[in-house]
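Heads up, structure.cif below (mmCIF, C-alpha atoms):
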```cif
data_final
loop_
_atom_site.label_atom_id
_atom_site.label_comp_id
_atom_site.auth_asym_id
_atom_site.auth_seq_id
_atom_site.Cartn_x
_atom_site.Cartn_y
_atom_site.Cartn_z
CA MET A 4 0.00 0.00 0.00
CA PRO A 5 1.42 3.47 -0.85
CA HIS A 6 2.43 5.85 1.91
CA GLY A 7 -0.55 7.84 3.12
CA ALA A 8 -3.10 5.78 1.23
CA GLU A 9 -5.20 5.65 4.38
CA GLY A 10 -5.28 7.31 7.77
CA GLU A 11 -5.38 10.79 9.20
CA SER A 12 -4.47 13.94 7.32
CA CYS A 13 -1.12 15.52 8.09
CA LEU A 14 -1.59 18.76 6.15
CA VAL A 15 -4.79 20.36 4.88
CA LEU A 16 -4.86 23.58 2.88
CA GLU A 17 -8.25 25.14 2.24
CA SER A 18 -8.49 27.84 -0.47
CA ILE A 19 -5.09 29.35 0.35
CA THR A 20 -4.58 32.71 -1.36
CA LYS A 21 -1.63 35.10 -1.30
CA ASP A 22 -1.69 38.59 -2.81
CA PHE A 23 1.26 40.91 -3.22
CA GLY A 24 -0.45 44.20 -3.94
CA GLY A 25 -2.30 43.65 -7.20
CA LEU A 26 -0.48 40.37 -7.94
CA ARG A 27 -2.09 37.10 -6.88
CA ALA A 28 0.78 34.64 -6.48
CA VAL A 29 -1.28 31.79 -4.98
CA ASP A 30 -4.93 31.54 -5.97
CA ARG A 31 -7.32 29.47 -3.81
CA VAL A 32 -5.10 26.41 -3.53
CA SER A 33 -6.54 23.45 -1.65
CA LEU A 34 -4.36 20.46 -0.82
CA ARG A 35 -4.64 17.44 1.46
CA LEU A 36 -1.72 15.20 2.45
CA ALA A 37 -2.24 12.00 4.40
CA ARG A 38 0.24 11.02 7.08
CA GLY A 39 3.28 9.40 5.47
CA GLN A 40 2.44 10.52 1.94
CA ARG A 41 5.14 11.50 -0.58
CA ARG A 42 3.84 14.35 -2.75
CA ALA A 43 5.65 16.45 -5.38
CA ILE A 44 4.62 19.89 -6.59
CA ILE A 45 5.72 20.72 -10.11
CA GLY A 46 5.09 23.64 -12.44
CA PRO A 47 6.85 26.28 -14.53
CA ASN A 48 8.71 29.24 -13.04
CA GLY A 49 6.27 31.69 -11.52
CA ALA A 50 3.66 29.04 -10.81
CA GLY A 51 3.61 29.95 -7.10
CA LYS A 52 5.29 26.82 -5.74
CA THR A 53 7.84 28.42 -3.40
CA THR A 54 5.33 31.05 -2.29
CA LEU A 55 3.03 28.19 -1.29
CA PHE A 56 5.87 26.64 0.72
CA ASN A 57 6.46 29.99 2.45
CA LEU A 58 2.79 30.09 3.42
CA ILE A 59 2.86 26.53 4.78
CA SER A 60 6.03 27.15 6.79
CA GLY A 61 4.79 30.49 8.13
CA GLU A 62 7.39 32.72 6.52
CA LEU A 63 4.61 34.60 4.75
CA PRO A 64 1.11 35.31 6.06
CA VAL A 65 -1.83 34.09 4.00
CA THR A 66 -4.21 36.62 2.48
CA SER A 67 -7.10 34.21 2.94
CA GLY A 68 -7.72 30.52 3.52
CA THR A 69 -6.70 28.12 6.29
CA ILE A 70 -3.84 25.73 7.03
CA GLN A 71 -4.25 22.72 9.32
CA PHE A 72 -1.33 20.60 10.47
CA SER A 73 -2.06 17.32 12.28
CA GLY A 74 -5.59 18.51 12.99
CA ARG A 75 -4.53 21.90 14.38
CA ASP A 76 -5.19 25.26 12.74
CA ILE A 77 -1.76 26.85 12.25
CA THR A 78 -2.83 29.59 9.81
CA ARG A 79 -1.69 32.41 12.11
CA LEU A 80 1.16 30.69 13.93
CA PRO A 81 4.71 32.05 13.40
CA SER A 82 7.24 29.82 11.69
CA TYR A 83 9.13 28.88 14.87
CA ARG A 84 5.90 27.58 16.43
CA ARG A 85 5.27 25.46 13.36
CA THR A 86 8.79 24.04 13.62
CA ALA A 87 8.14 23.13 17.25
CA LEU A 88 4.98 21.29 16.16
CA GLY A 89 6.96 19.13 13.74
CA LEU A 90 7.35 21.00 10.46
CA GLY A 91 10.81 20.93 8.84
CA ARG A 92 12.00 22.63 5.68
CA THR A 93 14.90 23.06 3.26
CA TYR A 94 15.45 25.95 0.85
CA GLN A 95 16.50 26.41 -2.78
CA ILE A 96 19.60 28.34 -1.68
CA THR A 97 22.07 26.73 0.73
CA THR A 98 21.67 28.14 4.26
CA LEU A 99 24.66 26.49 5.96
CA PHE A 100 27.33 28.31 7.96
CA PRO A 101 30.20 27.88 5.48
CA ARG A 102 33.07 28.58 7.91
CA LEU A 103 31.80 26.23 10.61
CA THR A 104 32.53 22.54 10.50
CA VAL A 105 30.04 19.95 9.34
CA LEU A 106 29.60 18.80 12.94
CA GLU A 107 29.10 22.33 14.26
CA ASN A 108 26.38 22.99 11.69
CA VAL A 109 24.46 19.88 12.67
CA VAL A 110 24.85 20.41 16.43
CA LEU A 111 23.69 24.02 16.12
CA ALA A 112 20.55 22.79 14.37
CA LEU A 113 19.97 20.31 17.19
CA VAL A 114 20.51 23.00 19.84
CA GLY A 115 17.97 25.19 18.08
CA THR A 116 15.29 22.54 18.06
CA ASP A 117 15.61 20.71 21.39
CA GLY A 118 14.45 23.60 23.58
CA ARG A 119 17.66 24.31 25.48
CA LYS A 120 19.07 27.83 25.74
CA PHE A 121 22.05 28.54 23.51
CA ASP A 122 25.11 29.87 25.36
CA PRO A 123 27.58 31.52 22.94
CA ARG A 124 30.37 31.13 25.54
CA ARG A 125 30.01 27.35 25.52
CA PRO A 126 31.61 25.40 22.65
CA VAL A 127 28.99 23.78 20.45
CA THR A 128 30.87 20.48 20.66
CA SER A 129 30.51 20.41 24.48
CA HIS A 130 26.94 19.10 24.17
CA GLY A 131 27.71 15.38 24.48
CA ASP A 132 24.18 14.11 23.91
CA LEU A 133 23.80 16.27 20.82
CA ILE A 134 27.13 15.07 19.48
CA MET A 135 25.77 11.52 19.58
CA GLU A 136 22.63 12.55 17.73
CA ALA A 137 24.70 14.49 15.18
CA ARG A 138 26.83 11.39 14.68
CA ARG A 139 23.72 9.31 14.01
CA LEU A 140 22.54 11.80 11.39
CA LEU A 141 25.93 12.17 9.69
CA GLU A 142 26.58 8.43 9.63
CA SER A 143 23.22 7.96 7.89
CA VAL A 144 24.61 9.83 4.87
CA GLY A 145 28.23 8.71 5.19
CA LEU A 146 29.61 12.10 6.25
CA TRP A 147 30.68 11.43 9.85
CA GLU A 148 34.32 11.05 8.81
CA ARG A 149 34.22 14.58 7.41
CA ARG A 150 32.72 16.12 10.54
CA ASP A 151 35.71 18.39 11.24
CA GLU A 152 35.84 19.90 7.75
CA ALA A 153 34.39 23.33 7.02
CA THR A 154 31.12 22.92 5.15
CA ARG A 155 32.39 25.19 2.37
CA SER A 156 34.91 22.46 1.48
CA LEU A 157 32.13 19.98 0.68
CA SER A 158 30.75 19.44 -2.80
CA HIS A 159 27.43 21.05 -3.65
CA GLY A 160 25.75 17.66 -3.44
CA GLU A 161 27.19 16.99 0.02
CA GLN A 162 26.08 20.42 1.20
CA ARG A 163 22.54 19.63 0.05
CA GLU A 164 22.70 16.41 2.05
CA ILE A 165 23.67 18.42 5.14
CA GLU A 166 20.73 20.76 4.46
CA VAL A 167 18.37 17.80 4.63
CA LEU A 168 20.01 16.62 7.87
CA LEU A 169 19.47 20.05 9.44
CA ALA A 170 15.79 19.86 8.54
CA LEU A 171 15.66 16.37 10.07
CA ALA A 172 17.30 17.56 13.31
CA SER A 173 13.92 18.47 14.79
CA ARG A 174 12.49 15.04 13.91
CA PRO A 175 9.70 16.58 11.82
CA ARG A 176 6.40 14.93 11.03
CA LEU A 177 6.17 16.98 7.83
CA LEU A 178 9.25 17.72 5.70
CA LEU A 179 9.16 20.38 2.98
CA LEU A 180 11.93 20.06 0.37
CA ASP A 181 12.26 23.05 -1.96
CA GLU A 182 13.99 21.87 -5.17
CA PRO A 183 16.42 19.58 -3.30
CA THR A 184 18.23 18.42 -6.46
CA ALA A 185 18.70 21.88 -8.02
CA GLY A 186 22.24 22.22 -9.37
CA LEU A 187 23.14 18.59 -8.65
CA SER A 188 24.62 16.13 -11.10
CA PRO A 189 22.50 13.05 -11.90
CA ALA A 190 24.71 10.98 -9.58
CA GLU A 191 24.38 13.49 -6.72
CA ALA A 192 20.62 13.68 -7.25
CA ARG A 193 20.37 9.88 -6.97
CA VAL A 194 22.25 9.93 -3.66
CA LEU A 195 20.04 12.68 -2.23
CA MET A 196 16.82 11.01 -3.36
CA GLY A 197 18.08 7.79 -1.81
CA ILE A 198 18.16 9.64 1.52
CA VAL A 199 14.59 10.79 0.97
CA ARG A 200 13.41 7.28 0.13
CA ARG A 201 14.96 5.94 3.34
CA LEU A 202 13.11 8.38 5.59
CA ASP A 203 10.76 7.08 8.25
CA PRO A 204 7.61 5.97 6.38
CA SER A 205 5.46 7.80 8.93
CA MET A 206 7.05 11.13 7.91
CA THR A 207 5.07 13.12 5.35
CA VAL A 208 7.17 14.62 2.56
CA LEU A 209 6.15 17.46 0.26
CA LEU A 210 8.74 18.50 -2.31
CA ILE A 211 9.03 21.02 -5.10
CA GLU A 212 11.02 19.47 -7.90
CA HIS A 213 12.11 20.75 -11.30
CA ASP A 214 13.50 17.40 -12.43
CA MET A 215 10.53 15.42 -13.71
CA ASP A 216 12.35 12.10 -13.51
CA VAL A 217 13.02 12.69 -9.82
CA ALA A 218 9.45 13.84 -9.12
CA PHE A 219 7.89 10.84 -10.87
CA GLU A 220 10.27 8.39 -9.21
CA VAL A 221 10.02 9.59 -5.61
CA ALA A 222 6.45 10.87 -5.29
CA GLU A 223 3.35 8.72 -5.23
CA SER A 224 1.19 11.75 -6.02
CA ILE A 225 1.87 14.85 -8.13
CA THR A 226 0.30 18.30 -7.89
CA VAL A 227 0.80 20.56 -10.92
CA MET A 228 0.62 24.33 -10.36
CA HIS A 229 0.21 26.96 -13.07
CA LEU A 230 -0.31 30.70 -12.57
CA GLY A 231 -0.83 30.24 -8.86
CA ARG A 232 -3.53 27.58 -9.19
CA VAL A 233 -3.67 23.80 -9.05
CA LEU A 234 -3.88 22.67 -12.66
CA ALA A 235 -3.92 18.91 -12.08
CA GLU A 236 -3.39 16.35 -9.36
CA GLY A 237 -2.96 12.60 -9.30
CA PRO A 238 -0.52 9.69 -9.52
CA PRO A 239 2.53 10.10 -11.79
CA GLU A 240 1.07 7.99 -14.61
CA ALA A 241 -2.09 10.14 -14.71
CA ILE A 242 -0.04 13.36 -14.79
CA ARG A 243 2.09 11.99 -17.64
CA ALA A 244 -1.07 11.27 -19.63
CA ASN A 245 -2.80 14.60 -18.88
CA ALA A 246 -3.04 16.50 -22.18
CA GLU A 247 -3.33 19.93 -20.54
CA VAL A 248 -0.26 19.30 -18.41
CA GLN A 249 1.67 18.12 -21.46
CA GLN A 250 0.74 21.25 -23.38
CA ILE A 251 1.36 23.78 -20.62
CA TYR A 252 4.34 22.33 -18.81
CA LEU A 253 5.71 18.89 -19.55
CA GLY A 254 5.71 19.09 -23.32
CA VAL A 255 3.81 16.89 -25.74
CA GLY A 256 5.55 13.58 -26.34
CA LEU A 257 7.00 13.17 -22.84
#
```

Let's see the structure in the file written out as structure tokens.
Amino acid sequence: MPHGAEGESCLVLESITKDFGGLRAVDRVSLRLARGQRRAIIGPNGAGKTTLFNLISGELPVTSGTIQFSGRDITRLPSYRRTALGLGRTYQITTLFPRLTVLENVVLALVGTDGRKFDPRRPVTSHGDLIMEARRLLESVGLWERRDEATRSLSHGEQREIEVLLALASRPRLLLLDEPTAGLSPAEARVLMGIVRRLDPSMTVLLIEHDMDVAFEVAESITVMHLGRVLAEGPPEAIRANAEVQQIYLGVGL
């Protein structure tokens, strides 16, 4: 049975709209993700995909509509409250501290999500319990041996892997991945998507993806956005066969 085929809803969007002055970037989008579902959002540039992510994560306020997460209305909650409830996210642009080591980046993420107060006078590596958790995360992607290297020395693909680990530091129930394979080689993209496939099956994953092969391989359901609206939704094979999607985005003859 596919992830999320049955069971409670993890995320429910009802007629979400976002206006920037006279521009409507997201237009009455409704979306429902079951717990454990893997869903991809695709669409051309300007379709409103990242704006929708910013609304879900709380980095932008909605103009109208409601957002429910695990049965709770989070429409007006700030982003840090949503993180505390179990919502994790990555970004299109790398947000690592390039001069800090790999280990320091991961431990800082853990410090920021476990509720303890950060003391700038205390070395990050002095948190023994967090070091063990950081080791578990880094070993899961084969980067523990490079823990003492500055993150700027890593390849782009390895830095994207660290980005995912930082999002996983809070043990989220919902993980938002914003174009995780952007700028990666095919080999690097396969490694990163392997990490996504190995995630806890109870974790819900919503990703924006420009690479159609990746989207169709990883996601069990696809949502197509165009001009701020949902154009089509369904399993990958139905999206491939959708004539309107082929004409507007995917290209006839895919």

Close residues, stretch 162-167 of chain A itself excluded, 7 Å, all atoms listed in the file, min 6 positions apart in chain, as a list of chain:residue names
A:Thr93, A:Thr154, A:Pro183, A:Leu195

With the PyMOL selection byres ((chain A and resi 15-24) around 6) as the selection, what would be picked from this file? Answer as a ChimeraX atom specification, please.
/A:14,25-35,65-71

Please evaluate the PyMOL selection byres ((chain A and resi 212) around 10) against the displayed coordinates and give the resulting residues as number ranges by chain.
A: 43-46, 52, 180-185, 209-211, 213-219

Atoms to include: C-alpha atoms. Write the selected residues as a compact mmCIF listing (two decimals), in the frame of the given file.
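Produced file part-v9.txt, reproduced below:
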```txt
# COMPACT_ATOMS: atom_id res chain seq x y z
CA ALA A 43 5.65 16.45 -5.38
CA ILE A 44 4.62 19.89 -6.59
CA ILE A 45 5.72 20.72 -10.11
CA GLY A 46 5.09 23.64 -12.44
CA LYS A 52 5.29 26.82 -5.74
CA LEU A 180 11.93 20.06 0.37
CA ASP A 181 12.26 23.05 -1.96
CA GLU A 182 13.99 21.87 -5.17
CA PRO A 183 16.42 19.58 -3.30
CA THR A 184 18.23 18.42 -6.46
CA ALA A 185 18.70 21.88 -8.02
CA LEU A 209 6.15 17.46 0.26
CA LEU A 210 8.74 18.50 -2.31
CA ILE A 211 9.03 21.02 -5.10
CA HIS A 213 12.11 20.75 -11.30
CA ASP A 214 13.50 17.40 -12.43
CA MET A 215 10.53 15.42 -13.71
CA ASP A 216 12.35 12.10 -13.51
CA VAL A 217 13.02 12.69 -9.82
CA ALA A 218 9.45 13.84 -9.12
CA PHE A 219 7.89 10.84 -10.87
```

Point-to-point distance from atom CA of A:Leu169 to atom CA of A:Thr226, Å rounded to tenths
25.9 Å

Which residue is closest to A:Asn108? Choose from A:Thr54, A:Ser60, A:Leu168, A:Leu90 and count all atoms listed in the file.
A:Leu168

What's the separation between atom CA of A:Ile198 and atom CA of A:Val144, in Å to one decimal place?
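Computing it gives 7.3 Å between the two atoms.
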